[in-house]
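K.L.:
Got a structure here, written out as structure tokens. Questions coming.
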Amino acid sequence: MSNYVFVIDTNHRQLNPSTPGVARSLLNARKAAIYRRYPFTIILKKEVTGLVEPCQLKIDPGSRATGLAILQGNRVLWGAELTHRGQSIKNSLESRRSLRRGRRGRKTRYRQPRFLNRTRPKGWLAPSLMHRILTTMTWVNRLIKLCPIQSIAQELVRFDTQVIQNPEISGTQYQQGTLYQYETREYLLEKWGRQCVYCGQEDTPLEVEHIVSRSKGGSNRVSNLTIACVPCNQKKSNRSIEDFLSGKPDLLKRIKAQAKAPLKDAAAVNATRWKLFNALKEMGLPVSVGTGGQTKFNRKQQDLPKAHWIDAAATGKDIPELEFCTSQPLLIQCSGHGTRQMCGTDKYGFPIRYRSKKRIHYGFQTGDIVKAVVTQGKKIGSYMGRVLCRKSGNFDISTKDGRVTGISHKYCTHIHKKDGYNYAF
């Protein structure tokens, strides 16, 4: 099942989303036209004054991907997963810093360092973190213009599953309850891929394992914990990991490196969640929040698979039994708008090429999705994909079957203009 299609009337009033079949019938009868390809939206050729059933947008923010879902009552009509590019932004900034520092060290032309004139405004976030908020808000604003969204729900805080089952829990009962250290176990399962770290066995009961045993001075810090199946855990007992894996040096090295991996993703979510919440509140729509524990509890209660967009649909308190009208979410990949750097450099920081300031040629820009129907020459056929523009007017088109070169701009028509995102299903 595909996502529902967004519908707006001739006055750009948001209407109830329709099924793909109904949208196809309207397009074939020429009662509507395509307004946007991603997300797919049609615009009617008349004004509609009927009542519209309100929808709710639900958001599951994440470090690497954010889940989006639109619900109408208990029906999930539309879903998407927005993949961020925070790590690539961080790498680009580090590359720029190293190039500038290298040129200063060689006494060549460089940008003067700034130390005493830098002030950061209140609430400042690193560009790699702020990117997550800005891209999420971009898609919230887009969806509000295309769908009658009347409220927003966001997963905001870390979860406490014991409070979900017993709101009156306190004291030692809280500390030693049935879900004691539940959050730690869930984190370890995600960190180690839900498989035994020693033998790689999956779909088996796993236990929390101390890399350095408590009897030999090991602590309960998460960097000293991993997961292992019962036989491996008993076989290792309180032996040192070097002794236990003496015949597997590669595995030993990997476990030690992964155990010290920082909590980068969790820190990114914690740093951005309140900033996103405040940005959503400024839009003027009612914003409700839920916890990660509530989301997982709702998903387990309804036996739903694990996915970002499904987690978004399950966000909130006291949600009804969900009816999924789609099983094919839109996959959105943040690609950026290119670089503003006018001069490319080699790895030593020396200029190697200069870029033209003109980026639009014959009405097309590199990154646009186009359809080219070639009627003559050696490349007769139909091609659709992203275009690489050239000043000569002969473009390259990247299709799913490979790159096609030397296609004249005269054969190209726009499908979707470049907007900084790649799309898939």
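Residue numbering restarts at 1 in every chain; chains get A, B, ... in the order shown in the structure tokens, and ligands count up from 1 in that same order.
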Need the shell around Ser95 of chain A: protein/DNA/RNA residues with any atom at most 12 Å away, counting only C-alpha atoms. Skip same-chain ones fewer than 4 positions apart. Format as a list in words?
P.N.:
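Close residues of Ser95 of chain A: Ser88, Ile89, Lys90, Asn91, Leu99, Arg100, Arg101, Gly102, Thr345, Asp346, Lys347, Tyr348 and Gly349 of chain A.
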K.L.:
For a quick check of understanding, using only C-alpha atoms, which of A:Lys264, A:Arg239, A:His416, A:His308 has the smallest distance to Thr83 of chain A?
P.N.:
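Closest to Thr83 of chain A, using only C-alpha atoms: A:His308.
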K.L.:
Set the distance at 6 Å and use only C-alpha atoms: which residues neighbour Cys334 of chain A once local chain neighbours fewer than 5 positions away are removed? I'd like the list as a list in words.
P.N.:
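In the requested form, the answer reads His84, Arg85 and Tyr421 of chain A.
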K.L.:
Which is closer to Gln333 of chain A than all the others in A:Asp368, A:Asp60, A:Asp203, A:Asp419, using only C-alpha atoms?
P.N.:
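When distances to Gln333 of chain A are compared using only C-alpha atoms, the smallest one comes from A:Asp419.
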K.L.:
Do you know which residues are at most 12 Å from Arg299 of chain A counting only C-alpha atoms, after dropping those on the same chain fewer than 5 positions away, and could you put them as a PyMOL selection string?
P.N.:
chain A and resi 292-294+304-322
K.L.:
Next, the residues of the selection above should be written as a short mmCIF file (atom, residue, chain, number, x, y, z; two decimals), in the first residue's frame with all heavy atoms.
P.N.:
```
data_model
loop_
_atom_site.label_atom_id
_atom_site.label_comp_id
_atom_site.auth_asym_id
_atom_site.auth_seq_id
_atom_site.Cartn_x
_atom_site.Cartn_y
_atom_site.Cartn_z
N GLY A 292 9.80 8.22 25.08
CA GLY A 292 10.24 7.08 24.30
C GLY A 292 9.70 5.78 24.83
O GLY A 292 9.42 4.84 24.08
N GLY A 293 9.56 5.70 26.16
CA GLY A 293 9.00 4.49 26.75
C GLY A 293 7.56 4.28 26.36
O GLY A 293 7.12 3.15 26.10
N GLN A 294 6.77 5.37 26.32
CA GLN A 294 5.39 5.26 25.90
C GLN A 294 5.29 4.80 24.44
O GLN A 294 4.43 3.99 24.09
CB GLN A 294 4.69 6.60 26.08
CG GLN A 294 4.48 6.97 27.53
CD GLN A 294 4.08 8.42 27.69
OE1 GLN A 294 4.21 9.21 26.75
NE2 GLN A 294 3.61 8.77 28.87
N LEU A 304 3.61 -4.00 16.60
CA LEU A 304 4.03 -3.30 15.39
C LEU A 304 5.54 -3.50 15.20
O LEU A 304 6.30 -3.58 16.16
CB LEU A 304 3.72 -1.81 15.49
CG LEU A 304 2.24 -1.45 15.67
CD1 LEU A 304 2.09 0.05 15.89
CD2 LEU A 304 1.42 -1.90 14.47
N PRO A 305 6.00 -3.57 13.94
CA PRO A 305 7.44 -3.71 13.69
C PRO A 305 8.18 -2.42 14.04
O PRO A 305 7.59 -1.35 14.16
CB PRO A 305 7.50 -4.01 12.18
CG PRO A 305 6.25 -3.43 11.63
CD PRO A 305 5.21 -3.57 12.70
N LYS A 306 9.50 -2.54 14.18
CA LYS A 306 10.34 -1.41 14.53
C LYS A 306 10.71 -0.64 13.28
O LYS A 306 11.34 -1.18 12.37
CB LYS A 306 11.59 -1.90 15.25
CG LYS A 306 12.66 -0.85 15.48
CD LYS A 306 12.20 0.20 16.45
CE LYS A 306 13.33 1.19 16.74
NZ LYS A 306 12.88 2.31 17.60
N ALA A 307 10.31 0.63 13.21
CA ALA A 307 10.70 1.53 12.12
C ALA A 307 10.48 2.95 12.62
O ALA A 307 9.64 3.19 13.50
CB ALA A 307 9.88 1.26 10.86
N HIS A 308 11.22 3.90 12.08
CA HIS A 308 11.13 5.27 12.56
C HIS A 308 9.74 5.85 12.34
O HIS A 308 9.18 6.50 13.22
CB HIS A 308 12.18 6.14 11.86
CG HIS A 308 13.60 5.78 12.20
ND1 HIS A 308 14.13 5.98 13.46
CD2 HIS A 308 14.59 5.23 11.46
CE1 HIS A 308 15.39 5.57 13.49
NE2 HIS A 308 15.69 5.11 12.29
N TRP A 309 9.16 5.61 11.16
CA TRP A 309 7.85 6.20 10.88
C TRP A 309 6.75 5.50 11.68
O TRP A 309 5.75 6.13 12.04
CB TRP A 309 7.56 6.16 9.38
CG TRP A 309 7.29 4.79 8.82
CD1 TRP A 309 8.21 3.83 8.52
CD2 TRP A 309 6.02 4.25 8.48
NE1 TRP A 309 7.59 2.72 8.02
CE2 TRP A 309 6.24 2.94 7.97
CE3 TRP A 309 4.71 4.71 8.54
CZ2 TRP A 309 5.21 2.11 7.54
CZ3 TRP A 309 3.68 3.89 8.11
CH2 TRP A 309 3.93 2.61 7.62
N ILE A 310 6.94 4.23 11.99
CA ILE A 310 5.96 3.52 12.83
C ILE A 310 6.08 4.00 14.28
O ILE A 310 5.07 4.16 14.97
CB ILE A 310 6.16 2.00 12.71
CG1 ILE A 310 5.81 1.54 11.29
CG2 ILE A 310 5.31 1.26 13.74
CD1 ILE A 310 6.01 0.07 11.06
N ASP A 311 7.31 4.25 14.74
CA ASP A 311 7.48 4.83 16.07
C ASP A 311 6.80 6.19 16.16
O ASP A 311 6.22 6.54 17.19
CB ASP A 311 8.97 4.97 16.39
CG ASP A 311 9.59 3.67 16.86
OD1 ASP A 311 8.82 2.71 17.09
OD2 ASP A 311 10.81 3.59 16.98
N ALA A 312 6.89 6.98 15.08
CA ALA A 312 6.22 8.28 15.07
C ALA A 312 4.71 8.10 15.20
O ALA A 312 4.05 8.83 15.96
CB ALA A 312 6.56 9.03 13.78
N ALA A 313 4.14 7.13 14.49
CA ALA A 313 2.70 6.89 14.57
C ALA A 313 2.29 6.44 15.96
O ALA A 313 1.16 6.71 16.40
CB ALA A 313 2.28 5.86 13.52
N ALA A 314 3.17 5.76 16.66
CA ALA A 314 2.85 5.23 17.99
C ALA A 314 3.19 6.19 19.12
O ALA A 314 3.07 5.85 20.29
CB ALA A 314 3.58 3.91 18.22
N THR A 315 3.62 7.41 18.78
CA THR A 315 3.99 8.39 19.80
C THR A 315 2.75 8.95 20.49
O THR A 315 1.73 9.21 19.85
CB THR A 315 4.78 9.55 19.14
OG1 THR A 315 6.00 9.03 18.61
CG2 THR A 315 5.10 10.62 20.16
N GLY A 316 2.83 9.13 21.81
CA GLY A 316 1.76 9.78 22.55
C GLY A 316 1.12 8.87 23.58
O GLY A 316 1.42 7.68 23.69
N LYS A 317 0.21 9.46 24.35
CA LYS A 317 -0.49 8.74 25.41
C LYS A 317 -1.86 8.27 24.94
O LYS A 317 -2.54 8.97 24.19
CB LYS A 317 -0.67 9.65 26.64
CG LYS A 317 0.63 10.17 27.23
CD LYS A 317 0.34 11.09 28.40
CE LYS A 317 1.61 11.66 28.99
NZ LYS A 317 1.33 12.59 30.11
N ASP A 318 -2.25 7.11 25.39
CA ASP A 318 -3.61 6.58 25.17
C ASP A 318 -4.00 6.62 23.70
O ASP A 318 -5.07 7.10 23.32
CB ASP A 318 -4.62 7.38 25.99
CG ASP A 318 -4.30 7.34 27.48
OD1 ASP A 318 -3.83 6.28 27.95
OD2 ASP A 318 -4.52 8.36 28.15
N ILE A 319 -3.12 6.12 22.83
CA ILE A 319 -3.46 6.11 21.41
C ILE A 319 -4.40 4.94 21.12
O ILE A 319 -4.32 3.89 21.76
CB ILE A 319 -2.19 6.03 20.53
CG1 ILE A 319 -1.49 4.68 20.72
CG2 ILE A 319 -1.25 7.17 20.81
CD1 ILE A 319 -0.39 4.43 19.72
N PRO A 320 -5.30 5.09 20.14
CA PRO A 320 -6.21 3.99 19.81
C PRO A 320 -5.50 2.92 19.00
O PRO A 320 -4.31 3.05 18.65
CB PRO A 320 -7.29 4.69 18.97
CG PRO A 320 -6.56 5.84 18.33
CD PRO A 320 -5.54 6.29 19.34
N GLU A 321 -6.21 1.85 18.71
CA GLU A 321 -5.67 0.79 17.86
C GLU A 321 -5.44 1.36 16.47
O GLU A 321 -6.37 1.83 15.81
CB GLU A 321 -6.65 -0.38 17.80
CG GLU A 321 -6.10 -1.61 17.10
CD GLU A 321 -5.08 -2.37 17.95
OE1 GLU A 321 -5.07 -2.17 19.18
OE2 GLU A 321 -4.31 -3.15 17.36
N LEU A 322 -4.18 1.36 16.02
CA LEU A 322 -3.83 2.00 14.76
C LEU A 322 -4.21 1.13 13.58
O LEU A 322 -4.02 -0.08 13.59
CB LEU A 322 -2.33 2.31 14.72
CG LEU A 322 -1.80 3.28 15.77
CD1 LEU A 322 -0.30 3.43 15.64
CD2 LEU A 322 -2.48 4.64 15.62
#
```
K.L.:
Which residues are close to Lys31 of chain A, i.e. within 9 Å by only C-alpha atoms, leaving aside same-chain residues fewer than 3 positions away? Reply as a list in words.
P.N.:
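Using only C-alpha atoms, the neighbours found are Ser25, Leu26, Leu27, Asn28, Ile43, Leu44, Lys45 and Lys46 of chain A.
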K.L.:
What would the file look like if the residues just selected were written as a compact mmCIF listing (two decimals), in the first residue's frame with all heavy atoms?
P.N.:
```txt
# COMPACT_ATOMS: atom_id res chain seq x y z
N SER A 25 -7.76 8.62 -10.86
CA SER A 25 -9.00 8.86 -11.60
C SER A 25 -9.20 10.35 -11.86
O SER A 25 -9.61 10.75 -12.96
CB SER A 25 -10.19 8.29 -10.83
OG SER A 25 -10.07 6.89 -10.64
N LEU A 26 -8.90 11.18 -10.88
CA LEU A 26 -9.04 12.63 -11.05
C LEU A 26 -8.07 13.16 -12.10
O LEU A 26 -8.41 14.04 -12.90
CB LEU A 26 -8.82 13.34 -9.72
CG LEU A 26 -9.89 13.11 -8.64
CD1 LEU A 26 -9.44 13.70 -7.31
CD2 LEU A 26 -11.22 13.72 -9.07
N LEU A 27 -6.85 12.61 -12.10
CA LEU A 27 -5.87 13.05 -13.10
C LEU A 27 -6.27 12.59 -14.49
O LEU A 27 -6.16 13.36 -15.47
CB LEU A 27 -4.49 12.51 -12.74
CG LEU A 27 -3.84 13.07 -11.47
CD1 LEU A 27 -2.56 12.32 -11.14
CD2 LEU A 27 -3.54 14.56 -11.64
N ASN A 28 -6.75 11.36 -14.64
CA ASN A 28 -7.17 10.87 -15.95
C ASN A 28 -8.38 11.63 -16.49
O ASN A 28 -8.49 11.83 -17.71
CB ASN A 28 -7.49 9.37 -15.87
CG ASN A 28 -6.24 8.53 -15.61
OD1 ASN A 28 -5.13 8.96 -15.92
ND2 ASN A 28 -6.42 7.35 -15.04
N ILE A 43 -3.65 19.09 -7.36
CA ILE A 43 -4.43 20.31 -7.16
C ILE A 43 -5.67 20.22 -8.03
O ILE A 43 -5.59 19.96 -9.24
CB ILE A 43 -3.61 21.57 -7.48
CG1 ILE A 43 -4.45 22.83 -7.27
CG2 ILE A 43 -3.00 21.52 -8.86
CD1 ILE A 43 -3.63 24.12 -7.32
N LEU A 44 -6.83 20.38 -7.41
CA LEU A 44 -8.09 20.32 -8.14
C LEU A 44 -8.28 21.60 -8.96
O LEU A 44 -7.75 22.67 -8.62
CB LEU A 44 -9.26 20.14 -7.17
CG LEU A 44 -9.24 18.87 -6.30
CD1 LEU A 44 -10.47 18.84 -5.41
CD2 LEU A 44 -9.18 17.62 -7.16
N LYS A 45 -9.08 21.50 -10.00
CA LYS A 45 -9.33 22.64 -10.87
C LYS A 45 -10.62 23.37 -10.51
O LYS A 45 -11.19 24.08 -11.33
CB LYS A 45 -9.37 22.18 -12.33
CG LYS A 45 -8.05 21.58 -12.79
CD LYS A 45 -8.07 21.19 -14.25
CE LYS A 45 -6.72 20.63 -14.69
NZ LYS A 45 -6.71 20.22 -16.12
N LYS A 46 -11.07 23.19 -9.27
CA LYS A 46 -12.26 23.89 -8.81
C LYS A 46 -12.13 24.14 -7.31
O LYS A 46 -11.27 23.57 -6.63
CB LYS A 46 -13.53 23.08 -9.10
CG LYS A 46 -13.61 21.77 -8.32
CD LYS A 46 -14.93 21.07 -8.58
CE LYS A 46 -15.05 19.79 -7.74
NZ LYS A 46 -16.34 19.10 -7.96
```
K.L.:
Have a look at A:Ile255, A:Val373, A:Cys232, A:Leu77 and name the one nearest to Met1 of chain A; count only C-alpha atoms.
P.N.:
A:Leu77
